[in-house]
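Trainee: Encoded as structure tokens, here's the structure I'll be asking about.
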Amino acid sequence: MKSAKEIETLKINENDTFVVVSNTALGDTILSTPAIKSLKKSFPNNKIVAVLKSSYAPLFKNFKYIDEIIEYDGKYKNFFKAVIKLKKVKPKIIFIFHSNGPQDIQLSILSGSEYVLKHPTKTYLKKYLSFDFSKKQQHTIEDRLDLVRKIGGKVIDPTMEIGEIEDNPKFDKFKEYIGFQIGAADIYKMWPIDRFIELAKKLLENGEKIVIVGTQNESNLADEIIDKVKNKNIINMCGKTNIIELANLVNNLKMLITNDTGTMHLAVALKTPTISLFSPTSSEEIGPYQDLNIHEVIQEEGSFIQKLPKKDRDNSAMKLIEVDEAYKSYLNLKDKI
């Protein structure tokens with residue numbers, strides 16, 4: 001593994017292969033796309049191999065900034081299969097944009113890559129990295145772009161994007177709908193269901209139609225909203241789409257009202273207007289970072305919840321966001337689009 005001193009004088013040849021690793025959640029994968037785009041735009045003749053989670057790889061099958069995809073979920077079960085695949089591509093540099101540690105660095109070392117770059121980390125394996133980045137107060141997209149800048153990348157594009165998705169006519173009807181993303185990876189990031197119910201009633205009274213999206217595990221929450229609202233113009237699509245179909249649905253929405261989730265980042269990448277709800281997490285670090293004229297962000301100060309052990313966190317921070325505040329954002333966004 002080559003050192004920080006050597007990376008300062010790094011010379012890149014056209015036959016050098018770059019590997020980008022972003023194989024965790026949907027949102028984190030999409031947040032890596034500006035760095036992937038910037039890498040390809042800065043070094044157009046170099047091959048880029050992406051290590052992606054199988055669940056989200058279909059979104060990038062037709063992504064013009066990636067030349068090859070290796071599917072790996074980040075777990076030890078398929079670790080050595082991934083090592084073998086990586087060794088075959090002979091990486092010059094591995095960029096770890098977002099992955100599970102410590103196996104991400106272990107994977108990179110065993111691949112035979114000359115250089116391994118990762119944004120600020122406290123792992124005991126950081127001594128094997130080619131450069132020790134300092135933590136900055138900036139958007140996570142900029143953290144990943146810093147890795148590209150470090151090797152001399154000059155064409156920096158901070159916008160998120162996914163591969164070309166073929167239109168599916170069965171989702172055309174959702175052009176008349178507002179989407180609700182009611183779930184999140186953690187309960188402390190979820191706006192209370194009773195708030196979604198109250199907001200739904202206001203929107204439906206204003207002549208809107210609503211579609212609720214999320215995972216199969218969130219379908220019962222969607223049913224609860226529908227049961228309380230009692231209106232034919234709200235439907236439950238939780239767990240009823242694969243990842244490509246979800247992209248088609250979100251791409252057609254009038255707007256998406258969403259917790260801090262991967263679906264929010266998908267909407268931003270697709271240029272679908274959003275109202276995003278932040279309290280325990282920071283919108284300045286992981287919120288919309290492009291096309292800000294079509295995105296309304298509601299940010300309350302709820303970081304106190306993250307001081308608790310994860311098992312003790314509830315959605316009390318998200319309760320700081322009032323329904324009237326969300327409805328006002330809806331009115332503002334409706335006037336813009």
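How things are named: the first chain in the structure tokens is A, the next is B, and so on; residues count from 1 in each chain; ligands count from 1 in the order shown.
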Can you check which parts of segment 273-303 of chain A lie within 12 Å of segment 165-185 of chain A? Per residue, the shortest pair of atoms and distance in Å to one decimal, counting only C-alpha atoms, sorted by chain and number, as a tab-separated table.
Mentor:
```
residue	atom	partner	partner_atom	distance
A:Pro273	CA	A:Ile178	CA	9.8
A:Thr274	CA	A:Gly179	CA	9.1
A:Ile275	CA	A:Phe180	CA	9.7
A:Ser276	CA	A:Gln181	CA	9.6
A:Leu277	CA	A:Gln181	CA	10.3
A:Phe278	CA	A:Ala184	CA	11.5
```
Trainee: Selected residues, N, CA, C and O atoms, written as a PDB file, in the first residue's frame, please.
Mentor:
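again.pdb, freshly written:
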```pdb
ATOM      1  N   PRO A 273     -39.585  17.257  -7.150  1.00  0.00           N
ATOM      2  CA  PRO A 273     -39.647  18.193  -6.020  1.00  0.00           C
ATOM      3  C   PRO A 273     -39.886  17.456  -4.697  1.00  0.00           C
ATOM      4  O   PRO A 273     -40.614  16.463  -4.654  1.00  0.00           O
ATOM      5  N   THR A 274     -39.251  17.947  -3.629  1.00  0.00           N
ATOM      6  CA  THR A 274     -39.390  17.293  -2.326  1.00  0.00           C
ATOM      7  C   THR A 274     -39.652  18.296  -1.208  1.00  0.00           C
ATOM      8  O   THR A 274     -39.261  19.460  -1.287  1.00  0.00           O
ATOM      9  N   ILE A 275     -40.307  17.778  -0.175  1.00  0.00           N
ATOM     10  CA  ILE A 275     -40.335  18.430   1.135  1.00  0.00           C
ATOM     11  C   ILE A 275     -39.700  17.421   2.073  1.00  0.00           C
ATOM     12  O   ILE A 275     -40.242  16.336   2.283  1.00  0.00           O
ATOM     13  N   SER A 276     -38.534  17.738   2.604  1.00  0.00           N
ATOM     14  CA  SER A 276     -37.814  16.783   3.443  1.00  0.00           C
ATOM     15  C   SER A 276     -37.852  17.220   4.900  1.00  0.00           C
ATOM     16  O   SER A 276     -37.747  18.408   5.216  1.00  0.00           O
ATOM     17  N   LEU A 277     -38.011  16.229   5.768  1.00  0.00           N
ATOM     18  CA  LEU A 277     -38.220  16.468   7.198  1.00  0.00           C
ATOM     19  C   LEU A 277     -36.984  16.044   7.981  1.00  0.00           C
ATOM     20  O   LEU A 277     -36.663  14.855   8.060  1.00  0.00           O
ATOM     21  N   PHE A 278     -36.302  17.027   8.564  1.00  0.00           N
ATOM     22  CA  PHE A 278     -35.067  16.768   9.306  1.00  0.00           C
ATOM     23  C   PHE A 278     -35.190  17.292  10.733  1.00  0.00           C
ATOM     24  O   PHE A 278     -35.698  18.377  10.962  1.00  0.00           O
TER      25      PHE A 278
END
```
Trainee: Write out, as CSV, each residue of segment 129-239 of chain A that has an atom at most 8 Å from segment 98-119 of chain A, together with the closest pair of atoms and their distance in Å to one decimal, counting only C-alpha atoms, rows going by chain and rising number.
Mentor:
```
residue,atom,partner,partner_atom,distance
A:Leu129,CA,A:Val116,CA,5.3
A:Ser130,CA,A:Val116,CA,5.4
A:Phe131,CA,A:Leu117,CA,6.4
A:Asp132,CA,A:His119,CA,7.8
A:Phe133,CA,A:His119,CA,5.8
A:Ser134,CA,A:His119,CA,7.9
A:Lys135,CA,A:His119,CA,8.0
A:Asp143,CA,A:His119,CA,6.2
A:Arg144,CA,A:His119,CA,6.6
A:Asp146,CA,A:His119,CA,7.8
A:Leu147,CA,A:Leu117,CA,6.6
```
Trainee: Export, as a PDB file, in the first residue's frame, the selected residues with N, CA, C and O atoms.
Mentor:
```pdb
ATOM      1  N   LEU A 129      -4.556   3.078   5.024  1.00  0.00           N
ATOM      2  CA  LEU A 129      -5.042   3.991   3.995  1.00  0.00           C
ATOM      3  C   LEU A 129      -3.906   4.839   3.456  1.00  0.00           C
ATOM      4  O   LEU A 129      -2.931   5.113   4.155  1.00  0.00           O
ATOM      5  N   SER A 130      -4.065   5.296   2.222  1.00  0.00           N
ATOM      6  CA  SER A 130      -2.995   6.058   1.578  1.00  0.00           C
ATOM      7  C   SER A 130      -2.982   7.524   1.976  1.00  0.00           C
ATOM      8  O   SER A 130      -2.019   8.230   1.694  1.00  0.00           O
ATOM      9  N   PHE A 131      -4.059   7.982   2.631  1.00  0.00           N
ATOM     10  CA  PHE A 131      -4.102   9.371   3.075  1.00  0.00           C
ATOM     11  C   PHE A 131      -5.086   9.482   4.229  1.00  0.00           C
ATOM     12  O   PHE A 131      -6.135   8.824   4.229  1.00  0.00           O
ATOM     13  N   ASP A 132      -4.751  10.305   5.194  1.00  0.00           N
ATOM     14  CA  ASP A 132      -5.608  10.499   6.365  1.00  0.00           C
ATOM     15  C   ASP A 132      -6.328  11.836   6.227  1.00  0.00           C
ATOM     16  O   ASP A 132      -5.765  12.896   6.482  1.00  0.00           O
ATOM     17  N   PHE A 133      -7.574  11.788   5.792  1.00  0.00           N
ATOM     18  CA  PHE A 133      -8.357  13.007   5.603  1.00  0.00           C
ATOM     19  C   PHE A 133      -8.829  13.556   6.948  1.00  0.00           C
ATOM     20  O   PHE A 133      -9.082  12.803   7.885  1.00  0.00           O
ATOM     21  N   SER A 134      -8.958  14.871   7.020  1.00  0.00           N
ATOM     22  CA  SER A 134      -9.476  15.528   8.223  1.00  0.00           C
ATOM     23  C   SER A 134     -10.971  15.761   8.074  1.00  0.00           C
ATOM     24  O   SER A 134     -11.463  16.038   6.977  1.00  0.00           O
ATOM     25  N   LYS A 135     -11.685  15.669   9.185  1.00  0.00           N
ATOM     26  CA  LYS A 135     -13.127  15.911   9.169  1.00  0.00           C
ATOM     27  C   LYS A 135     -13.405  17.387   8.930  1.00  0.00           C
ATOM     28  O   LYS A 135     -12.813  18.259   9.576  1.00  0.00           O
ATOM     29  N   ASP A 143     -17.384  15.459   1.070  1.00  0.00           N
ATOM     30  CA  ASP A 143     -16.427  14.507   1.646  1.00  0.00           C
ATOM     31  C   ASP A 143     -15.940  13.538   0.579  1.00  0.00           C
ATOM     32  O   ASP A 143     -14.742  13.241   0.476  1.00  0.00           O
ATOM     33  N   ARG A 144     -16.880  13.042  -0.219  1.00  0.00           N
ATOM     34  CA  ARG A 144     -16.524  12.047  -1.237  1.00  0.00           C
ATOM     35  C   ARG A 144     -15.816  12.689  -2.432  1.00  0.00           C
ATOM     36  O   ARG A 144     -14.911  12.096  -3.018  1.00  0.00           O
ATOM     37  N   ASP A 146     -13.810  15.103  -2.179  1.00  0.00           N
ATOM     38  CA  ASP A 146     -12.435  15.362  -1.749  1.00  0.00           C
ATOM     39  C   ASP A 146     -11.493  14.217  -2.117  1.00  0.00           C
ATOM     40  O   ASP A 146     -10.299  14.423  -2.349  1.00  0.00           O
ATOM     41  N   LEU A 147     -12.012  12.999  -2.177  1.00  0.00           N
ATOM     42  CA  LEU A 147     -11.188  11.860  -2.573  1.00  0.00           C
ATOM     43  C   LEU A 147     -10.780  11.978  -4.032  1.00  0.00           C
ATOM     44  O   LEU A 147      -9.647  11.649  -4.412  1.00  0.00           O
TER      45      LEU A 147
END
```
Trainee: Please return as a ChimeraX atom specification: the residues of segment 150-278 of chain A that backbone DSSP assigns to helix (DSSP H, G or I).
Mentor: /A:150,169-176,187-189,193-205,216-229,243-252,262-269
Trainee: Can you write out as CSV which residues of segment 194-284 of chain A fall within 10 Å of segment 35-57 of chain A, alongside each residue's closest atom pair and its distance in Å to one decimal, counting only C-alpha atoms and ordering rows by chain and ascending residue number?
Mentor:
```
residue,atom,partner,partner_atom,distance
A:Asn242,CA,A:Ser55,CA,9.0
A:Ile243,CA,A:Tyr56,CA,6.8
A:Ile244,CA,A:Tyr56,CA,8.8
```
Trainee: Determine the nearest neighbour of Asp157 of chain A from the options A:Gly287, A:Pro280, A:Pro34, A:Pro309, counting only C-alpha atoms.
Mentor: A:Pro34
Trainee: Skipping near chain neighbours, those fewer than 6 positions away, what residues fall within 6 Å of segment 188-205 of chain A using only C-alpha atoms, listed as an MDAnalysis selection string?
Mentor: chainID A and resid 225 313:315 318 323
Trainee: Using only C-alpha atoms, which protein or nucleic acid residues come within 9 Å of Phe304 of chain A? Drop anything in the same chain fewer than 3 positions from it, and give the result as a list in words.
Mentor: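 Counting only C-alpha atoms, the residues come to Pro280, Glu301, Lys307, Leu308 and Ala317 of chain A.
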Trainee: Counting only C-alpha atoms, figure out which residue out of A:Phe63, A:Asp324, A:Val268, A:Ile337 gets nearest to Tyr289 of chain A.
Mentor: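 Smallest distance to Tyr289 of chain A is found for A:Val268.
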Trainee: Using DSSP on the backbone coordinates, identify all residues within segment 179-219 of chain A classified as strand (DSSP E); present the result as a list in words.
Mentor: Gly179, Phe180, Gln181, Lys209, Ile210, Val211, Ile212 and Val213 of chain A
Trainee: Have a look at atom CA of Tyr124 of chain A and atom CA of Ile93 of chain A and let me know their distance in Å, one decimal.
Mentor: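 Atom-to-atom, atom CA of Tyr124 of chain A and atom CA of Ile93 of chain A are spaced 20.5 Å apart.
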